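> Structure below; questions to follow.
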Amino acid sequence: MANEIERRRTFAIISHPDAGKTTLTEKFLLFGGQIQVAGAVKSNKIRKTATSDWMDIEKQRGISVSTSVMEFDYKDYKVNILDTPGHQDFAEDTYRTLTAVDSAIIVVDSAKGVETQTRKLMSVCRMRNTPVIIFINKMDREGRDPFDLLDELEDELEIKVRPLSWPINQGVKFKGVYNIYENKLDLFTPDKQRVTEKVEVDINSEELDKHVGEQDAGKLREDLELVEGVYPEFNVEDYRKGMVAPVFFGSALNNFGVQELLNCFVEIAPSPRPTKAVERIVEPEEKKFTGFIFKITANIDPNHRSCIAFCKVCSGKFERNKPYLHVRMGKTVRFSSPTQFMAQRKSTIEEAYPGDIVGLPDNGIFKIGDTLTDGEQLHFRGLPSFSPEMFKYIENDDPMKSKQLNKGIDQLMDEGVAQMFINQFNGRKIIGTVGQLQFEVIQYRLENEYNAKCRWEPVHLYKACWIESDDEEELENFKKRKYQYMAKDKDGRDVFLADSGYVLSMAQEDFKNIKFHFTSEF
Ligand code: G4P
């Protein structure tokens, strides 16, 4: 058991769209022997050019099951990559997936540096002290100065960085990277399929000049001296605590610097970590099984609810057909066909260990965040909702189908497609999302899966804030004063719907004893 836990690496690759996440994932799968040629993994992203093309969404739904988790063996390690949606309108999905990983790799485009989505994803990692490795991609293109990039990463992602490789030029003059971690020189030959040449060269030897030319060798020595001077020595423990992020340079498309990244990753990335539950901290080595649901896929067959709930095993061994406690429902459940995911297949499994993701057939019994145990009353925490960025009233567009509509909305919210708030003043339902596309998905799925019609009506809101205070009187006062803007979330908690940044800061000013949170977990 200890050995099985120790060899597992469960992580996500995250990036701003287009930085190269899909390409890097695919290269990892090549090394893991899961696929034989590049190009075999379909991109899971919805093309930006066709924001509301339903075919694309359907395609995404179709393939999202098989590519949600990709597992492979590499050296002695069992690697689980949790996929995250490529489109930023589904960012909420990504945030939740990050609660199920033990570490993350962030891909950054060398020309673009830190982008909005990178910033947000990193803030989620920071909340949970998730260790991150940064891969600066597209070095074969003209990009920014590496030192400037590192400064930007530190400033914008609020984490110390430590380069473990260093590029020799970039763009057309890109010659390779010096691998500081392994003390090797990797020479670059643009090639999408083959792994490039590696030579062991002492940084001070003349051989280096032979390989990259005198001028570039000189520059590399200078750069590395500066790196050693500026950045403290790499410390694995600091990385595992989420205090420092090692940085690699390369080109995913050319399969360059990818294996070095993977090698270092499996060595330094943490094996499954303890998980916080409301009642106690759960250690992976514990004998009894515990796990939580962090993702539910869309209905595949519109005729009956047939979803797959993704369960992260937190402790003990999960076994097929064994009775487990579904804590929220207080019911015993058994799974006769739990699945495991390979690059493009899934198969039934007999058992799974901490760090693994098990797919459980779900006919409507699961909600995001549900806990499964071997009998213990336990509630895992750590599936925060973030304040949505867009809000709309949802209205029934077919009076004969109000039951179907309500059921559909409830189930879609359980799946975590979006967030619903009920306005306490007028009782209307407000749906909050991260992007426009989610509204379209909801409308489409309500029609196709629940035979219900909805209509969106505008509501002008800026942010949803979860409020709390030790001062009951002030809290009541606030709720009275803002009664038109008070709502309840899915768990019945008080949420203040601020209609502008100004109103929000005035409220914060006037009600000093009230805390305004932008995530549901605080
Ligand atoms: P994403 O999942 O993060 O959204 O990014 P993805 O891997 O799909 O890559 C986005 C684009 O960047 C793709 O080009 C991909 O080929 C390109 N790319 C990825 N890595 C590198 C690299 O190291 N160097 C260069 N020069 N390009 C890279 P595309 O034209 O949008 O798509 P495609 O038609 O090539 O699939």
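Chain lettering (A, B, ...) mirrors the order of the structure tokens, residue numbering begins at 1 for each chain separately, and ligand numbering begins at 1 in order of display.
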Would you give me, as JSON lines, each residue of chain A having an atom within 6 Å of an atom of ligand 1, along with its shortest atom pair and that distance in Å to one decimal, using only C-alpha atoms and all ligand atoms and sorting by chain and residue number?

{"residue": "A:Ser15", "atom": "CA", "partner": "ligand 1", "partner_atom_place_in_ligand_line": "3 (O)", "distance": 5.7}
{"residue": "A:Pro17", "atom": "CA", "partner": "ligand 1", "partner_atom_place_in_ligand_line": "4 (O)", "distance": 3.8}
{"residue": "A:Asp18", "atom": "CA", "partner": "ligand 1", "partner_atom_place_in_ligand_line": "4 (O)", "distance": 3.3}
{"residue": "A:Ala19", "atom": "CA", "partner": "ligand 1", "partner_atom_place_in_ligand_line": "3 (O)", "distance": 4.1}
{"residue": "A:Gly20", "atom": "CA", "partner": "ligand 1", "partner_atom_place_in_ligand_line": "7 (O)", "distance": 3.3}
{"residue": "A:Lys21", "atom": "CA", "partner": "ligand 1", "partner_atom_place_in_ligand_line": "3 (O)", "distance": 3.6}
{"residue": "A:Thr22", "atom": "CA", "partner": "ligand 1", "partner_atom_place_in_ligand_line": "2 (O)", "distance": 3.6}
{"residue": "A:Thr23", "atom": "CA", "partner": "ligand 1", "partner_atom_place_in_ligand_line": "7 (O)", "distance": 3.7}
{"residue": "A:Gly86", "atom": "CA", "partner": "ligand 1", "partner_atom_place_in_ligand_line": "4 (O)", "distance": 5.6}
{"residue": "A:Asn137", "atom": "CA", "partner": "ligand 1", "partner_atom_place_in_ligand_line": "23 (O)", "distance": 5.2}
{"residue": "A:Lys138", "atom": "CA", "partner": "ligand 1", "partner_atom_place_in_ligand_line": "23 (O)", "distance": 3.5}
{"residue": "A:Asp140", "atom": "CA", "partner": "ligand 1", "partner_atom_place_in_ligand_line": "24 (N)", "distance": 5.6}
{"residue": "A:Arg141", "atom": "CA", "partner": "ligand 1", "partner_atom_place_in_ligand_line": "26 (N)", "distance": 5.5}
{"residue": "A:Ser251", "atom": "CA", "partner": "ligand 1", "partner_atom_place_in_ligand_line": "23 (O)", "distance": 3.2}
{"residue": "A:Ala252", "atom": "CA", "partner": "ligand 1", "partner_atom_place_in_ligand_line": "23 (O)", "distance": 4.1}
{"residue": "A:Leu253", "atom": "CA", "partner": "ligand 1", "partner_atom_place_in_ligand_line": "20 (N)", "distance": 4.1}
{"residue": "A:Asn254", "atom": "CA", "partner": "ligand 1", "partner_atom_place_in_ligand_line": "23 (O)", "distance": 5.8}
> Need to verify the contact set: A:Ile368, 7 Å, only C-alpha atoms, exclusion of same-chain residues closer than 3 positions in sequence. Can you return it as a list of chain:residue names?
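Here the qualifying residues turn out to be A:Ile293, A:Phe294, A:Lys295, A:Ile296, A:Asp414, A:Glu415, A:Gly416.
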> Do you have, as JSON lines, the list of residues of stretch 354-414 of chain A lying at most 7 Å from stretch 460-479 of chain A, each with its nearest atom pair and that distance in Å to one decimal, counting only C-alpha atoms and ordered by chain then number?

{"residue": "A:Ser387", "atom": "CA", "partner": "A:Ala464", "partner_atom": "CA", "distance": 5.1}
{"residue": "A:Pro388", "atom": "CA", "partner": "A:Lys463", "partner_atom": "CA", "distance": 6.8}
{"residue": "A:Glu389", "atom": "CA", "partner": "A:Lys463", "partner_atom": "CA", "distance": 6.5}
{"residue": "A:Phe391", "atom": "CA", "partner": "A:Leu461", "partner_atom": "CA", "distance": 6.4}
> Grab the residues selected above and save them as a compact mmCIF listing (two decimals), in the first residue's frame with all heavy atoms.

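This went into selection_6.txt:
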# COMPACT_ATOMS: atom_id res chain seq x y z
N SER A 387 -16.85 33.72 -6.90
CA SER A 387 -17.88 34.64 -7.37
C SER A 387 -17.95 34.58 -8.89
O SER A 387 -16.94 34.70 -9.57
CB SER A 387 -17.57 36.07 -6.96
OG SER A 387 -18.51 36.93 -7.58
N PRO A 388 -19.13 34.34 -9.44
CA PRO A 388 -19.25 34.35 -10.90
C PRO A 388 -18.97 35.74 -11.45
O PRO A 388 -18.91 36.71 -10.69
CB PRO A 388 -20.72 33.98 -11.13
CG PRO A 388 -21.23 33.47 -9.85
CD PRO A 388 -20.41 34.09 -8.78
N GLU A 389 -18.82 35.82 -12.74
CA GLU A 389 -18.54 37.11 -13.34
C GLU A 389 -19.70 37.63 -14.17
O GLU A 389 -19.76 38.80 -14.51
CB GLU A 389 -17.26 37.03 -14.17
CG GLU A 389 -16.05 37.11 -13.24
CD GLU A 389 -14.81 36.47 -13.78
OE1 GLU A 389 -14.58 36.56 -14.99
OE2 GLU A 389 -14.06 35.88 -12.96
N PHE A 391 -24.09 37.41 -14.65
CA PHE A 391 -25.32 37.00 -13.96
C PHE A 391 -26.53 37.22 -14.87
O PHE A 391 -26.59 38.22 -15.60
CB PHE A 391 -25.53 37.85 -12.71
CG PHE A 391 -24.40 37.75 -11.71
CD1 PHE A 391 -23.27 38.56 -11.83
CD2 PHE A 391 -24.47 36.85 -10.66
CE1 PHE A 391 -22.24 38.48 -10.90
CE2 PHE A 391 -23.44 36.77 -9.73
CZ PHE A 391 -22.32 37.58 -9.85
> Have a look at A:Glu4, A:Asp186, A:Glu395, A:Asp83 and name the one nearest to A:Leu24; count only C-alpha atoms.
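Nearest to A:Leu24: A:Asp83.
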> By how many Å are atom CA of A:Pro361 and atom CA of A:Val327 apart?
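These two atoms are separated by 17.3 Å.
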> Skip stretch 435-446 of chain A itself and residues of its chain fewer than 4 positions away, then list as a ChimeraX atom specification all residues within 6 Å of it, counting only C-alpha atoms.
/A:89,408,450,452
> Grab the atom CA of A:Gly330 to atom CA of A:Gln377 distance for me, in Å with one decimal place.
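It comes out at 8.9 Å.
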